[in-house]
$ cat upload-v5.cif   # mmCIF, C-alpha atoms and all ligand atoms
data_structure
#
loop_
_atom_site.label_atom_id
_atom_site.label_comp_id
_atom_site.auth_asym_id
_atom_site.auth_seq_id
_atom_site.Cartn_x
_atom_site.Cartn_y
_atom_site.Cartn_z
CA MET A 638 0.00 0.00 0.00
CA SER A 639 1.29 3.45 -0.84
CA ALA A 640 2.04 5.93 1.93
CA LEU A 641 -0.70 8.34 2.99
CA LYS A 642 -0.08 11.78 1.46
CA ASN A 643 -2.69 13.62 3.56
CA ASP A 644 -3.10 12.21 7.06
CA THR A 645 -4.69 15.35 8.57
CA LEU A 646 -7.94 13.52 9.36
CA LEU A 647 -6.21 10.67 11.21
CA ARG A 648 -4.06 13.11 13.17
CA ALA A 649 -7.01 15.32 14.16
CA LEU A 650 -9.03 12.26 15.30
CA LEU A 651 -6.12 11.42 17.61
CA ARG A 652 -5.73 15.07 18.72
CA GLU A 653 -2.24 15.27 17.24
CA PRO A 654 -1.02 18.61 15.82
CA VAL A 655 -2.29 19.51 12.32
CA ALA A 656 -1.74 22.48 9.99
CA TYR A 657 -5.47 23.06 9.40
CA THR A 658 -8.83 21.57 10.40
CA PRO A 659 -9.68 18.56 8.19
CA VAL A 660 -13.15 18.37 6.65
CA TRP A 661 -15.43 15.69 5.22
CA LEU A 662 -19.23 15.54 5.05
CA MET A 663 -21.64 12.81 6.04
CA ARG A 664 -23.32 11.45 2.88
CA GLN A 665 -20.81 13.36 0.77
CA ALA A 666 -21.50 10.95 -2.11
CA GLY A 667 -25.23 11.26 -2.69
CA ARG A 668 -28.17 12.57 -4.62
CA TYR A 669 -27.18 16.27 -4.50
CA LEU A 670 -24.44 15.40 -7.03
CA PRO A 671 -25.64 14.98 -10.64
CA GLU A 672 -22.77 12.57 -11.35
CA TYR A 673 -23.97 10.36 -8.45
CA ASN A 674 -27.47 10.26 -9.94
CA ALA A 675 -25.98 9.30 -13.31
CA THR A 676 -23.96 6.40 -11.85
CA ARG A 677 -26.93 5.27 -9.76
CA ALA A 678 -29.06 5.23 -12.92
CA ARG A 679 -26.43 3.10 -14.64
CA ALA A 680 -26.44 0.70 -11.68
CA GLY A 681 -30.25 0.48 -11.85
CA SER A 682 -30.89 1.07 -8.14
CA PHE A 683 -29.27 2.20 -4.92
CA LEU A 684 -28.76 -1.38 -3.74
CA ALA A 685 -27.27 -2.47 -7.06
CA LEU A 686 -24.86 0.46 -6.70
CA CYS A 687 -23.86 -0.71 -3.20
CA ARG A 688 -23.32 -4.25 -4.48
CA ASN A 689 -21.12 -3.31 -7.43
CA PRO A 690 -17.55 -2.56 -6.21
CA ASP A 691 -16.58 -0.77 -9.46
CA LEU A 692 -19.52 1.61 -9.24
CA ALA A 693 -19.27 1.98 -5.45
CA THR A 694 -15.63 3.02 -5.97
CA GLU A 695 -16.67 5.48 -8.65
CA VAL A 696 -19.24 7.26 -6.46
CA THR A 697 -16.96 7.23 -3.40
CA LEU A 698 -14.43 9.26 -5.39
CA GLN A 699 -16.92 11.70 -6.97
CA PRO A 700 -17.05 14.26 -4.13
CA LEU A 701 -13.23 14.19 -3.86
CA ALA A 702 -12.92 15.22 -7.50
CA ARG A 703 -15.06 18.31 -6.82
CA PHE A 704 -14.09 19.43 -3.32
CA ALA A 705 -10.85 19.60 -1.28
CA LEU A 706 -12.03 16.98 1.22
CA ASP A 707 -9.66 15.29 3.66
CA ALA A 708 -11.29 11.85 3.69
CA ALA A 709 -13.23 9.39 1.59
CA ILE A 710 -16.04 7.39 3.18
CA LEU A 711 -16.90 3.96 1.88
CA PHE A 712 -20.04 4.09 -0.25
CA SER A 713 -22.45 1.55 1.20
CA ASP A 714 -25.29 1.49 3.72
CA ILE A 715 -25.67 0.45 7.36
CA LEU A 716 -28.49 -1.94 6.42
CA THR A 717 -26.27 -4.34 4.46
CA VAL A 718 -25.58 -6.10 7.78
CA PRO A 719 -29.19 -7.08 8.61
CA ASP A 720 -29.58 -7.94 4.92
CA ALA A 721 -26.66 -10.37 5.32
CA MET A 722 -28.54 -11.84 8.32
CA GLY A 723 -31.32 -12.83 5.93
CA LEU A 724 -33.93 -10.12 6.61
CA GLY A 725 -34.34 -9.23 2.93
CA LEU A 726 -33.52 -5.53 2.42
CA TYR A 727 -35.23 -3.57 -0.33
CA PHE A 728 -35.88 0.10 -1.04
CA VAL A 729 -39.20 1.61 -2.03
CA GLU A 730 -38.50 4.55 -4.36
CA GLY A 731 -38.92 7.81 -2.43
CA GLU A 732 -39.75 6.05 0.84
CA GLY A 733 -36.55 4.54 2.12
CA PRO A 734 -35.52 1.10 3.35
CA ARG A 735 -37.76 -1.91 4.09
CA PHE A 736 -37.19 -5.47 5.26
CA GLU A 737 -39.19 -8.39 3.86
CA ARG A 738 -38.90 -10.25 7.17
CA PRO A 739 -38.91 -7.87 10.16
CA LEU A 740 -37.69 -9.44 13.38
CA ARG A 741 -40.74 -9.78 15.63
CA GLU A 742 -41.13 -13.43 16.63
CA GLU A 743 -39.25 -15.01 19.51
CA TRP A 744 -38.17 -18.01 17.38
CA ALA A 745 -36.73 -15.71 14.71
CA ILE A 746 -34.82 -13.73 17.33
CA ARG A 747 -33.42 -16.97 18.78
CA ASP A 748 -32.36 -18.07 15.28
CA LEU A 749 -30.55 -14.79 14.51
CA ARG A 750 -26.82 -15.21 13.80
CA ALA A 751 -23.96 -12.79 13.11
CA PRO A 752 -22.98 -13.14 9.44
CA ASP A 753 -19.45 -14.02 8.35
CA PRO A 754 -18.42 -10.78 6.60
CA VAL A 755 -16.15 -12.55 4.13
CA ALA A 756 -18.88 -14.96 3.04
CA HIS A 757 -21.87 -12.58 3.13
CA LEU A 758 -20.51 -9.04 2.77
CA GLY A 759 -17.63 -9.75 0.39
CA TYR A 760 -18.88 -7.09 -2.02
CA VAL A 761 -18.30 -4.40 0.65
CA LEU A 762 -14.80 -5.68 1.39
CA ASP A 763 -14.04 -5.75 -2.35
CA ALA A 764 -15.20 -2.13 -2.55
CA VAL A 765 -12.91 -1.16 0.36
CA ARG A 766 -9.90 -2.76 -1.35
CA GLN A 767 -10.74 -1.20 -4.67
CA ILE A 768 -11.30 2.29 -3.20
CA ARG A 769 -7.96 2.09 -1.40
CA ARG A 770 -6.23 1.24 -4.68
CA ALA A 771 -8.00 4.08 -6.50
CA LEU A 772 -7.20 6.61 -3.76
CA ASP A 773 -3.53 5.69 -3.98
CA GLY A 774 -2.85 7.32 -0.59
CA ALA A 775 -4.40 10.70 -1.44
CA VAL A 776 -6.61 10.78 1.69
CA PRO A 777 -7.66 8.15 4.25
CA LEU A 778 -10.68 5.90 3.75
CA ILE A 779 -13.31 5.78 6.52
CA GLY A 780 -15.22 2.53 7.03
CA PHE A 781 -18.50 2.43 8.95
CA SER A 782 -21.32 0.44 10.46
CA GLY A 783 -24.65 1.14 12.12
CA SER A 784 -24.69 0.79 15.91
CA PRO A 785 -26.15 -2.44 17.34
CA TYR A 786 -29.20 -0.50 18.60
CA THR A 787 -29.83 1.49 15.41
CA LEU A 788 -29.62 -1.71 13.34
CA ALA A 789 -32.06 -3.36 15.78
CA CYS A 790 -34.53 -0.48 15.25
CA TYR A 791 -34.65 -1.16 11.50
CA MET A 792 -34.66 -4.95 11.99
CA VAL A 793 -37.61 -4.88 14.41
CA GLU A 794 -39.63 -2.09 12.74
CA GLY A 795 -38.91 -3.40 9.24
CA GLU A 796 -38.73 0.20 7.98
CA SER A 797 -37.98 3.77 9.09
CA SER A 798 -40.18 4.87 11.96
CA SER A 799 -41.03 8.03 13.84
CA ASP A 800 -41.84 6.40 17.18
CA PHE A 801 -40.09 2.97 17.18
CA ARG A 802 -43.28 1.45 18.52
CA HIS A 803 -42.28 -2.19 17.97
CA THR A 804 -38.70 -1.76 19.20
CA LYS A 805 -39.77 0.05 22.36
CA THR A 806 -42.56 -2.45 23.00
CA LEU A 807 -39.91 -5.16 22.94
CA LEU A 808 -37.59 -3.06 25.12
CA TYR A 809 -40.19 -2.68 27.90
CA ARG A 810 -42.07 -6.00 27.48
CA ARG A 811 -39.26 -8.42 26.62
CA PRO A 812 -35.91 -6.73 27.34
CA ASP A 813 -34.28 -10.18 27.27
CA LEU A 814 -35.16 -10.56 23.58
CA LEU A 815 -33.90 -7.09 22.67
CA HIS A 816 -30.66 -7.87 24.52
CA ARG A 817 -30.38 -11.08 22.52
CA ILE A 818 -30.67 -9.12 19.22
CA LEU A 819 -28.14 -6.55 20.46
CA GLU A 820 -25.64 -9.27 21.43
CA VAL A 821 -25.80 -10.73 17.94
CA ASN A 822 -25.59 -7.25 16.39
CA ALA A 823 -22.57 -6.31 18.51
CA ARG A 824 -20.78 -9.46 17.33
CA ALA A 825 -21.81 -8.75 13.73
CA VAL A 826 -20.69 -5.10 13.84
CA THR A 827 -17.35 -6.00 15.46
CA ASP A 828 -16.60 -8.65 12.83
CA TYR A 829 -17.78 -6.38 10.01
CA LEU A 830 -15.66 -3.38 11.10
CA ASN A 831 -12.62 -5.60 11.67
CA ALA A 832 -13.06 -7.05 8.17
CA GLN A 833 -13.23 -3.49 6.75
CA ILE A 834 -10.06 -2.57 8.68
CA GLU A 835 -8.37 -5.73 7.38
CA ALA A 836 -9.42 -4.77 3.82
CA GLY A 837 -7.99 -1.25 4.21
CA ALA A 838 -10.32 1.09 6.14
CA GLN A 839 -8.08 3.59 7.99
CA ALA A 840 -10.68 4.95 10.45
CA VAL A 841 -14.11 3.65 11.44
CA MET A 842 -17.35 5.35 12.41
CA ILE A 843 -20.39 3.88 14.17
CA PHE A 844 -23.68 5.55 13.22
CA ASP A 845 -26.12 5.47 16.14
CA THR A 846 -28.88 7.38 14.42
CA TRP A 847 -31.67 6.35 16.82
CA GLY A 848 -29.97 5.97 20.23
CA GLY A 849 -30.98 9.57 20.97
CA ALA A 850 -34.65 8.56 21.02
CA LEU A 851 -34.08 6.52 24.20
CA THR A 852 -34.26 7.64 27.83
CA PRO A 853 -30.86 8.31 29.42
CA HIS A 854 -31.06 5.04 31.32
CA ALA A 855 -32.17 2.99 28.30
CA TYR A 856 -29.50 4.65 26.16
CA ARG A 857 -26.78 3.40 28.46
CA GLU A 858 -28.22 -0.11 28.72
CA PHE A 859 -29.35 -0.74 25.12
CA SER A 860 -27.14 1.43 22.91
CA LEU A 861 -23.99 2.73 24.61
CA ALA A 862 -23.09 -0.56 26.31
CA TYR A 863 -23.16 -2.41 23.00
CA MET A 864 -21.10 0.23 21.20
CA GLY A 865 -18.60 -0.17 24.05
CA ARG A 866 -18.53 -3.90 23.38
CA VAL A 867 -17.82 -3.30 19.69
CA LEU A 868 -15.01 -0.88 20.54
CA ASP A 869 -13.49 -3.42 22.94
CA GLY A 870 -13.31 -5.94 20.09
CA LEU A 871 -11.87 -3.68 17.38
CA LYS A 872 -8.44 -4.06 15.83
CA ARG A 873 -6.79 -0.80 16.85
CA GLU A 874 -3.78 -0.86 14.58
CA ARG A 875 -3.18 -1.60 10.93
CA GLU A 876 -0.30 -0.81 8.56
CA GLY A 877 1.66 0.49 11.56
CA ARG A 878 -0.90 3.17 12.50
CA ARG A 879 -3.74 3.50 14.94
CA VAL A 880 -7.18 3.11 13.30
CA PRO A 881 -9.22 5.86 15.01
CA SER A 882 -12.86 5.16 15.92
CA VAL A 883 -15.73 7.66 15.99
CA ILE A 884 -19.13 7.15 17.58
CA PHE A 885 -22.06 9.30 16.58
CA THR A 886 -25.34 9.23 18.50
CA LYS A 887 -27.79 11.60 16.86
CA GLY A 888 -29.67 13.35 19.66
CA GLY A 889 -27.02 12.24 22.16
CA SER A 890 -25.61 15.65 23.08
CA LEU A 891 -26.80 15.39 26.71
CA TRP A 892 -24.64 12.28 27.18
CA LEU A 893 -21.27 13.27 25.73
CA GLU A 894 -19.39 12.58 28.97
CA ASP A 895 -20.70 8.98 29.01
CA MET A 896 -19.90 8.49 25.33
CA ALA A 897 -16.38 9.85 25.74
CA ALA A 898 -15.66 7.19 28.38
CA ILE A 899 -16.28 4.02 26.34
CA GLY A 900 -13.00 3.77 24.47
CA CYS A 901 -13.57 5.66 21.20
CA ASP A 902 -11.12 8.24 19.86
CA ALA A 903 -13.73 10.77 18.76
CA LEU A 904 -17.40 11.71 19.04
CA GLY A 905 -19.59 12.77 16.15
CA LEU A 906 -21.87 15.65 17.16
CA ASP A 907 -25.24 16.71 15.80
CA TRP A 908 -25.97 20.44 15.59
CA SER A 909 -27.89 20.70 18.87
CA VAL A 910 -24.79 21.37 20.97
CA ASP A 911 -22.37 24.31 21.02
CA LEU A 912 -19.01 22.97 19.87
CA GLY A 913 -17.07 24.99 22.45
CA SER A 914 -19.12 23.71 25.37
CA ALA A 915 -18.89 20.15 24.02
CA ARG A 916 -15.11 20.54 23.96
CA ARG A 917 -15.04 21.76 27.56
CA ARG A 918 -17.23 18.82 28.62
CA VAL A 919 -15.12 16.05 27.04
CA GLY A 920 -11.78 17.72 27.83
CA ASP A 921 -8.81 15.81 26.46
CA LYS A 922 -10.60 12.45 26.36
CA VAL A 923 -11.72 12.49 22.71
CA ALA A 924 -11.68 14.52 19.50
CA LEU A 925 -14.92 16.02 18.14
CA GLN A 926 -16.38 15.70 14.66
CA GLY A 927 -19.15 18.02 13.48
CA ASN A 928 -21.44 19.83 13.72
CA LEU A 929 -22.79 22.22 11.07
CA ASP A 930 -26.54 22.09 10.54
CA PRO A 931 -26.85 20.61 7.00
CA ALA A 932 -29.60 23.17 6.35
CA VAL A 933 -26.93 25.92 6.38
CA LEU A 934 -25.91 24.63 2.94
CA LEU A 935 -29.42 25.40 1.68
CA GLY A 936 -28.94 29.03 2.74
CA GLY A 937 -26.18 29.75 0.22
CA ALA A 938 -22.42 30.21 -0.04
CA GLN A 939 -22.38 33.25 2.25
CA ALA A 940 -24.26 31.42 5.01
CA ALA A 941 -21.94 28.43 4.64
CA GLU A 942 -18.86 30.64 5.05
CA SER A 943 -20.07 32.60 8.06
CA GLU A 944 -21.37 29.52 9.86
CA ALA A 945 -18.07 27.72 9.16
CA ALA A 946 -16.23 30.69 10.70
CA ARG A 947 -18.52 30.54 13.73
CA LEU A 948 -17.90 26.80 14.25
CA LEU A 949 -14.12 27.07 13.92
CA ALA A 950 -14.12 29.91 16.47
CA ALA A 951 -16.40 27.93 18.82
CA TYR A 952 -13.95 25.01 18.87
CA GLY A 953 -11.03 27.41 19.21
CA GLN A 954 -7.30 26.90 19.19
CA GLY A 955 -5.64 23.53 18.72
CA SER A 956 -6.17 20.08 17.24
CA GLY A 957 -8.99 17.62 17.92
CA HIS A 958 -11.68 18.99 15.61
CA VAL A 959 -12.81 17.36 12.37
CA PHE A 960 -15.15 19.68 10.50
CA ASN A 961 -18.34 17.92 9.37
CA LEU A 962 -22.11 18.29 9.28
CA GLY A 963 -24.34 17.35 12.22
CA HIS A 964 -26.15 14.81 9.99
CA GLY A 965 -26.18 13.77 6.32
CA ILE A 966 -26.12 16.37 3.56
CA SER A 967 -29.54 17.16 2.10
CA GLN A 968 -30.29 15.96 -1.43
CA TYR A 969 -31.47 19.51 -2.21
CA THR A 970 -28.01 21.01 -1.58
CA VAL A 971 -26.41 23.00 -4.41
CA PRO A 972 -22.83 21.67 -4.93
CA GLU A 973 -21.42 25.21 -5.27
CA ASN A 974 -22.35 25.86 -1.63
CA VAL A 975 -20.35 22.79 -0.60
CA SER A 976 -17.33 24.20 -2.46
CA ALA A 977 -17.74 27.47 -0.59
CA LEU A 978 -17.93 25.61 2.73
CA VAL A 979 -14.91 23.39 2.17
CA ASP A 980 -12.83 26.30 0.84
CA ALA A 981 -13.79 28.44 3.85
CA VAL A 982 -12.66 25.73 6.29
CA ARG A 983 -9.34 25.46 4.43
CA ARG A 984 -8.84 29.24 4.36
CA LEU A 985 -9.91 30.08 7.91
CA SER A 986 -8.72 27.08 9.93
CA PRO A 987 -4.89 27.40 9.78
CA ALA A 988 -5.17 30.37 12.18
CA TYR A 989 -6.41 27.94 14.86
CA HIS A 990 -3.33 25.73 14.50
CA ALA A 991 -0.61 28.37 14.54
O1 LIG B 1001 -21.66 9.22 4.01
C1 LIG B 1001 -21.52 8.66 2.91
O2 LIG B 1001 -21.36 9.30 1.84
C2 LIG B 1001 -21.43 7.14 2.86
C3 LIG B 1001 -22.60 6.43 2.49
C4 LIG B 1001 -23.75 6.21 3.46
C5 LIG B 1001 -25.08 6.02 3.01
N1 LIG B 1001 -25.86 5.69 4.07
C6 LIG B 1001 -25.51 6.10 1.60
C7 LIG B 1001 -26.95 6.26 1.30
C8 LIG B 1001 -23.77 6.07 4.86
C9 LIG B 1001 -22.63 6.23 5.86
C10 LIG B 1001 -25.11 5.72 5.22
C11 LIG B 1001 -25.52 5.43 6.61
C12 LIG B 1001 -26.95 5.23 6.92
N2 LIG B 1001 -27.88 4.58 6.18
C13 LIG B 1001 -27.55 5.61 8.14
C14 LIG B 1001 -26.85 6.27 9.30
C15 LIG B 1001 -26.60 7.70 9.08
C16 LIG B 1001 -27.83 8.54 9.04
O3 LIG B 1001 -28.13 9.08 7.96
O4 LIG B 1001 -28.48 8.67 10.09
C17 LIG B 1001 -28.91 5.23 8.08
C18 LIG B 1001 -29.95 5.46 9.14
C19 LIG B 1001 -29.09 4.55 6.84
C20 LIG B 1001 -30.33 3.89 6.36
C21 LIG B 1001 -30.83 4.53 5.13
N3 LIG B 1001 -30.20 4.44 3.91
C22 LIG B 1001 -31.98 5.32 4.97
C23 LIG B 1001 -32.95 5.67 6.10
C24 LIG B 1001 -32.04 5.70 3.64
C25 LIG B 1001 -33.13 6.45 2.95
C26 LIG B 1001 -33.08 7.90 3.29
C27 LIG B 1001 -32.74 8.69 2.08
O5 LIG B 1001 -31.91 9.62 2.20
O6 LIG B 1001 -33.34 8.42 1.03
C28 LIG B 1001 -30.88 5.18 2.99
C29 LIG B 1001 -30.52 5.36 1.56
C30 LIG B 1001 -29.17 5.94 1.26
N4 LIG B 1001 -28.01 5.59 1.89
C31 LIG B 1001 -28.88 6.89 0.24
C32 LIG B 1001 -27.48 7.07 0.26
C33 LIG B 1001 -26.66 7.93 -0.68
C34 LIG B 1001 -29.88 7.47 -0.74
C35 LIG B 1001 -30.26 6.36 -1.63
C36 LIG B 1001 -30.50 6.73 -3.08
O7 LIG B 1001 -29.54 6.99 -3.83
O8 LIG B 1001 -31.68 6.67 -3.45
#
$ encode --input "upload-v5.cif" --output "structure tokens"
Amino acid sequence: MSALKNDTLLRALLREPVAYTPVWLMRQAGRYLPEYNATRARAGSFLALCRNPDLATEVTLQPLARFALDAAILFSDILTVPDAMGLGLYFVEGEGPRFERPLREEWAIRDLRAPDPVAHLGYVLDAVRQIRRALDGAVPLIGFSGSPYTLACYMVEGESSSDFRHTKTLLYRRPDLLHRILEVNARAVTDYLNAQIEAGAQAVMIFDTWGGALTPHAYREFSLAYMGRVLDGLKREREGRRVPSVIFTKGGSLWLEDMAAIGCDALGLDWSVDLGSARRRVGDKVALQGNLDPAVLLGGAQAAESEAARLLAAYGQGSGHVFNLGHGISQYTVPENVSALVDAVRRLSPAYHA
């Protein structure tokens, strides 16, 4: 493997000195880019795109060709893991993900097994290897997975939900069964992330999109504890470097101190928390990644620049900040505004690392 030419992201995630604040954007390869829509049309569907390593490599690189980003993120989806468990993932156009066989019956929960990533998710590992080759050391590649709890939400509901009625019914009626799902998911996520690291992922991120919908007590018991288990099982070094880990609980800003204590290198932040106060709360335990409201990019280039300036000032002097959005980029974003944002971070951030 060729040497990494730009390791700013990896250094910032480990709070090592950097010359400027690195930036990447959640969902940076997506429907706001016309070239993504063209490749997706060629693939036939979103899932076909995920399952084709050539095309997944192509769309992973698309945002890097346009913007001065400091990382690539594997193009895939968190729901490939429950799909590999046999739940039958499909997408309804304009409505999001569905499972043919949601996990509701006790017998099905008892039968659930963690998939062997090499046997059942080989297409993702092929994509990781191929993206690494195509990047040729330009920037690091981030691998990812859903959190055990967030995966369980989709597995039990069988689709996106606003209230998680079935998952929370299980949580309060049969916590033993939810724990059983989460144990299998934690094993599956650990194996999956380790396989991505083995294939070439240089940092990993756990997306806990729905942990924030739990009570503080339930969050610790049903989401945080299982992310801690995953972190305990991760390979921490590869190619002679530490592989930094990031955990992101959307809606988790009240619990940053707890999250910072479970063995990750960095926390992803949504936009509900002031970056400066988040930094004071976690101290020197972890780096922070975030947390621009993605809607700022709908406001125009000027808004993007002034809000970027505000965020950089809120974090303040020194390393340990990775500039990102507080959630995925909106499909209605104009790419020119993303250019303005990324360029502003590049232009304004060196002053904070002098
Ligand atoms: O960040 C990246 O560029 C990497 C790719 C990535 C995707 N999904 C591609 C995608 C990542 C990291 C994800 C994670 C993911 N997927 C999460 C966690 C992060 C979050 O957004 O909270 C969740 C909850 C999912 C599940 C999922 N996938 C949903 C709910 C949807 C439909 C919503 C939508 O935007 O339509 C998807 C589809 C999806 N995943 C798209 C992309 C680019 C859009 C699909 C398309 O092209 O039609």
$ atom_distance --input "upload-v5.cif" --atom1 "atom CA of A:Gln699" --atom2 "atom C20 of ligand LIG 1001 (chain B)"
20.5 Å
$ closest_atom_pairs --input "upload-v5.cif" --of "stretch 778-850 of chain A" --to "stretch 737-757 of chain A" --cutoff "8 Å" --atoms "all atoms listed in the file" --output "tab-separated table"
residue	atom	partner	partner_atom	distance
A:Met792	CA	A:Pro739	CA	5.5
A:Val793	CA	A:Leu740	CA	4.7
A:Glu794	CA	A:Pro739	CA	6.4
A:Gly795	CA	A:Pro739	CA	4.6
A:Leu814	CA	A:Ile746	CA	7.0
A:Arg817	CA	A:Ile746	CA	7.3
A:Ile818	CA	A:Ile746	CA	6.5
A:Val821	CA	A:Ala751	CA	5.6
A:Asn822	CA	A:Ala751	CA	6.6
A:Arg824	CA	A:Ala751	CA	6.2
A:Ala825	CA	A:Ala751	CA	4.6
A:Asp828	CA	A:Pro754	CA	6.8
A:Tyr829	CA	A:Pro754	CA	5.6
A:Ala832	CA	A:Pro754	CA	6.7
$ closest_residue --input "upload-v5.cif" --among "A:Asp773, A:Glu874, A:Glu796, A:Asp644" --to "ligand LIG 1001 (chain B)" --atoms "only C-alpha atoms and all ligand atoms"
A:Glu796
$ closest_residue --input "upload-v5.cif" --among "A:Met864, A:Ala789, A:Ile834, A:Ile768" --to "A:Arg879" --atoms "all atoms listed in the file"
A:Ile834
$ closest_residue --input "upload-v5.cif" --among "A:Ile779, A:Val718, A:Ala915, A:Ala977" --to "A:Gln839" --atoms "all atoms listed in the file"
A:Ile779
$ closest_residue --input "upload-v5.cif" --among "A:Ala693, A:Val841, A:Ile966, A:Met663" --to "ligand LIG 1001 (chain B)" --atoms "all atoms listed in the file"
A:Met663
$ closest_atom_pairs --input "upload-v5.cif" --of "chain A" --to "ligand LIG 1001 (chain B)" --cutoff "7 Å" --atoms "only C-alpha atoms and all ligand atoms" --output "tab-separated table"
residue	atom	partner	partner_atom	distance
A:Leu662	CA	B:LIG1001	O1	6.9
A:Met663	CA	B:LIG1001	O1	4.1
A:Arg664	CA	B:LIG1001	O1	3.0
A:Gln665	CA	B:LIG1001	O2	4.2
A:Ala666	CA	B:LIG1001	O2	4.3
A:Gly667	CA	B:LIG1001	C33	4.1
A:Arg668	CA	B:LIG1001	O7	5.8
A:Arg677	CA	B:LIG1001	O7	6.7
A:Phe683	CA	B:LIG1001	O7	4.9
A:Ile710	CA	B:LIG1001	C2	5.4
A:Leu711	CA	B:LIG1001	C2	5.6
A:Phe712	CA	B:LIG1001	C3	4.4
A:Ser713	CA	B:LIG1001	C3	5.0
A:Asp714	CA	B:LIG1001	N1	4.3
A:Ile715	CA	B:LIG1001	N2	4.8
A:Leu716	CA	B:LIG1001	C20	6.1
A:Gly731	CA	B:LIG1001	O6	6.6
A:Glu732	CA	B:LIG1001	O6	6.8
A:Gly733	CA	B:LIG1001	C25	4.0
A:Pro734	CA	B:LIG1001	C22	5.7
A:Phe781	CA	B:LIG1001	C9	6.4
A:Gly783	CA	B:LIG1001	C14	6.3
A:Ser797	CA	B:LIG1001	C23	6.2
A:Phe844	CA	B:LIG1001	C14	5.1
A:Asp845	CA	B:LIG1001	C14	6.9
A:Thr846	CA	B:LIG1001	O4	4.5
A:His964	CA	B:LIG1001	O3	6.4
A:Gly965	CA	B:LIG1001	O3	5.3
$ atom_distance --input "upload-v5.cif" --atom1 "atom CA of A:Ser882" --atom2 "atom CA of A:Ala840"
5.9 Å
$ residues_around --input "upload-v5.cif" --residues "A:Asp763" --least-positions-apart "4" --cutoff "8 Å" --atoms "only C-alpha atoms" --output "PyMOL selection string"
chain A and resi 690+759+767+836
$ closest_residue --input "upload-v5.cif" --among "A:Pro881, A:Gly725, A:Gly774, A:Gly913" --to "A:Leu646" --atoms "only C-alpha atoms"
A:Pro881
$ residues_around --input "upload-v5.cif" --residues "stretch 639-643 of chain A" --least-positions-apart "2" --cutoff "12 Å" --atoms "only C-alpha atoms" --output "ChimeraX atom specification"
/A:645-649,655-657,659-660,705-709,769-778,837,839,876-878
$ write_last_selection --input "upload-v5.cif" --atoms "C-alpha atoms" --output "PDB file, in the coordinates of the input"
ATOM      1  CA  THR A 645      -4.690  15.350   8.570  1.00  0.00           C
ATOM      2  CA  LEU A 646      -7.940  13.520   9.360  1.00  0.00           C
ATOM      3  CA  LEU A 647      -6.210  10.670  11.210  1.00  0.00           C
ATOM      4  CA  ARG A 648      -4.060  13.110  13.170  1.00  0.00           C
ATOM      5  CA  ALA A 649      -7.010  15.320  14.160  1.00  0.00           C
ATOM      6  CA  VAL A 655      -2.290  19.510  12.320  1.00  0.00           C
ATOM      7  CA  ALA A 656      -1.740  22.480   9.990  1.00  0.00           C
ATOM      8  CA  TYR A 657      -5.470  23.060   9.400  1.00  0.00           C
ATOM      9  CA  PRO A 659      -9.680  18.560   8.190  1.00  0.00           C
ATOM     10  CA  VAL A 660     -13.150  18.370   6.650  1.00  0.00           C
ATOM     11  CA  ALA A 705     -10.850  19.600  -1.280  1.00  0.00           C
ATOM     12  CA  LEU A 706     -12.030  16.980   1.220  1.00  0.00           C
ATOM     13  CA  ASP A 707      -9.660  15.290   3.660  1.00  0.00           C
ATOM     14  CA  ALA A 708     -11.290  11.850   3.690  1.00  0.00           C
ATOM     15  CA  ALA A 709     -13.230   9.390   1.590  1.00  0.00           C
ATOM     16  CA  ARG A 769      -7.960   2.090  -1.400  1.00  0.00           C
ATOM     17  CA  ARG A 770      -6.230   1.240  -4.680  1.00  0.00           C
ATOM     18  CA  ALA A 771      -8.000   4.080  -6.500  1.00  0.00           C
ATOM     19  CA  LEU A 772      -7.200   6.610  -3.760  1.00  0.00           C
ATOM     20  CA  ASP A 773      -3.530   5.690  -3.980  1.00  0.00           C
ATOM     21  CA  GLY A 774      -2.850   7.320  -0.590  1.00  0.00           C
ATOM     22  CA  ALA A 775      -4.400  10.700  -1.440  1.00  0.00           C
ATOM     23  CA  VAL A 776      -6.610  10.780   1.690  1.00  0.00           C
ATOM     24  CA  PRO A 777      -7.660   8.150   4.250  1.00  0.00           C
ATOM     25  CA  LEU A 778     -10.680   5.900   3.750  1.00  0.00           C
ATOM     26  CA  GLY A 837      -7.990  -1.250   4.210  1.00  0.00           C
ATOM     27  CA  GLN A 839      -8.080   3.590   7.990  1.00  0.00           C
ATOM     28  CA  GLU A 876      -0.300  -0.810   8.560  1.00  0.00           C
ATOM     29  CA  GLY A 877       1.660   0.490  11.560  1.00  0.00           C
ATOM     30  CA  ARG A 878      -0.900   3.170  12.500  1.00  0.00           C
TER      31      ARG A 878
END
$ atom_distance --input "upload-v5.cif" --atom1 "atom CA of A:His816" --atom2 "atom CA of A:Ser782"
18.8 Å
$ closest_residue --input "upload-v5.cif" --among "A:Ala991, A:Met896, A:Met722, A:Ala940" --to "A:Gln954" --atoms "all atoms listed in the file"
A:Ala991
$ axis_aligned_box --input "upload-v5.cif" --around "stretch 714-730 of chain A" --padding-each-side "4 Å" --output "AutoDock Vina command-line options"
--center_x -32.2 --center_y -4.1 --center_z 2.1 --size_x 21.9 --size_y 25.4 --size_z 21.0
$ residues_around --input "upload-v5.cif" --residues "stretch 970-974 of chain A" --least-positions-apart "2" --cutoff "8 Å" --atoms "all atoms listed in the file" --output "PyMOL selection string"
chain A and resi 669-670+934-935+937-938+941+966-968+976-978
$ residues_around --input "upload-v5.cif" --residues "A:Ala823" --least-positions-apart "6" --cutoff "7 Å" --atoms "only C-alpha atoms" --output "mmCIF file with C-alpha atoms, in the coordinates of the input"
data_model
loop_
_atom_site.group_PDB
_atom_site.id
_atom_site.type_symbol
_atom_site.label_atom_id
_atom_site.label_comp_id
_atom_site.auth_asym_id
_atom_site.auth_seq_id
_atom_site.Cartn_x
_atom_site.Cartn_y
_atom_site.Cartn_z
ATOM 1 C CA PRO A 785 -26.150 -2.440 17.340
ATOM 2 C CA TYR A 863 -23.160 -2.410 23.000
ATOM 3 C CA ARG A 866 -18.530 -3.900 23.380
ATOM 4 C CA VAL A 867 -17.820 -3.300 19.690
#
